[in-house]
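One structure is given below, encoded as structure tokens.
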Amino acid sequence: MPEKIAVVPGSFDPITNGHLDIIKRAADVFDIVYVAVLNNSSKKPLFSLDERMALIEEVTKTIPNIRIDSSSGLLIDYARSKKAKVIVRGLRAISDFEYEMQITSMNKFLDESIETFFIMTKNKYSFLSSSIVKEVAQYGGSVEGLVPPHVELALNEKFKFKKK
């Protein structure tokens, strides 16, 4: 039987506990899960691509079927290149649904053989986004419990340097 391969895409700037929850749950269902860090040249991320990949590597190192990778092209092309038949996306709220439906519809237009599976976030992460985490950390607020401890340290280091 062929392996069930999925892709969990995102900018992960930085990875949050919400992202990690979706990744772990996908890893419970699929044989191989590629966490694809998307490199969008129109965005100015806080963490470099290499830093984001290293943070994800650190917080997923105990999950044997996770593969960390990056992509700067179309997600559907990336999924094809990995022989993935599924793209996994997390949904936090109704507001996510409309955007995700547009992306899913375009992906389906580009390749009907690749499905999108949505995983509802746990309620405790329904408000959580990388943007909110960065804003709280930037102003010295605690992000404990919102991101893995390793990511919290990295955020503290980033903003310590920016305040000088």
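To be explicit about the labels: the chains of the structure tokens are called A, B, and onward in the order shown, and within each one the residues are counted from 1, while ligands get numbers from 1 in the order they are shown.
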
Just the residues within 7 Å of segment 101-108 of chain A, please, counting only C-alpha atoms, with nothing from its chain fewer than 6 positions along; format it as JSON, numbers by chain.
-> {"A": [76, 114, 116]}

Which of chain A DSSP labels strand (DSSP E), written as a PyMOL selection string = chain A and resi 5-10+32-38+66-71+86-91+115-120

Output C-alpha atoms of each residue in that selection to a file, as a short mmCIF file (atom, residue, chain, number, x, y, z; two decimals), in the first residue's frame.
```cif
data_model
loop_
_atom_site.label_atom_id
_atom_site.label_comp_id
_atom_site.auth_asym_id
_atom_site.auth_seq_id
_atom_site.Cartn_x
_atom_site.Cartn_y
_atom_site.Cartn_z
CA ILE A 5 1.82 11.76 2.32
CA ALA A 6 0.55 15.17 3.38
CA VAL A 7 1.84 18.73 3.35
CA VAL A 8 1.23 21.25 6.15
CA PRO A 9 2.14 24.62 4.63
CA GLY A 10 2.64 27.96 6.32
CA ILE A 32 4.78 11.28 6.12
CA VAL A 33 4.02 14.94 6.81
CA TYR A 34 6.04 17.63 5.11
CA VAL A 35 5.98 20.88 7.05
CA ALA A 36 6.56 23.28 4.18
CA VAL A 37 7.81 26.69 5.24
CA LEU A 38 6.59 29.02 2.52
CA ILE A 66 7.77 14.84 10.07
CA ARG A 67 9.96 16.29 7.32
CA ILE A 68 10.88 19.98 7.39
CA ASP A 69 11.24 21.66 4.02
CA SER A 70 10.66 24.98 2.27
CA SER A 71 9.09 26.24 -0.92
CA VAL A 86 -3.30 15.94 0.75
CA ILE A 87 -2.72 19.49 1.92
CA VAL A 88 -3.57 19.95 5.61
CA ARG A 89 -4.78 23.34 6.81
CA GLY A 90 -5.87 24.49 10.25
CA LEU A 91 -9.09 26.43 10.76
CA GLU A 115 -7.31 17.19 -1.65
CA THR A 116 -7.31 19.72 1.18
CA PHE A 117 -8.11 18.45 4.67
CA PHE A 118 -9.08 20.96 7.32
CA ILE A 119 -8.35 20.35 10.98
CA MET A 120 -10.25 22.50 13.44
#
```

For Ala54 of chain A, which residue out of A:Glu157, A:Tyr99, A:Phe12, A:Ala137 is the nearest one, using only C-alpha atoms?
->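 Of the candidates, the smallest distance to Ala54 of chain A is held by A:Phe12.
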
Among the residues A:Asn156, A:Ser129, A:Ile23, A:Glu100, the one that comes closest to Ser142 of chain A [using only C-alpha atoms] |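 Of A:Asn156, A:Ser129, A:Ile23, A:Glu100, the one nearest Ser142 of chain A is A:Asn156, counting only C-alpha atoms.
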
Residue contacts of Tyr125 of chain A (10 Å, only C-alpha atoms) excluding same-chain residues fewer than 6 positions away, as a list in words =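 Surrounding residues, per the criterion: Thr16, Asn17, Gly18, His19, Asp21, Arg92 and Leu146 of chain A.
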
Given only C-alpha atoms as the counted atoms, nearest of A:Pro14, A:Ser126, A:Thr121, A:Lys160 to Tyr139 of chain A |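 Of A:Pro14, A:Ser126, A:Thr121, A:Lys160, the one nearest Tyr139 of chain A is A:Lys160, counting only C-alpha atoms.
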
Point-to-point distance from atom CA of Lys4 of chain A to atom CA of Lys85 of chain A, Å rounded to tenths |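 That distance, rounded to one decimal, is 7.5 Å.
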
Using only C-alpha atoms, which residue out of A:Asn40, A:Ser95, A:Asn65, A:Ser48 lies closest to Lys158 of chain A?
-> A:Ser48
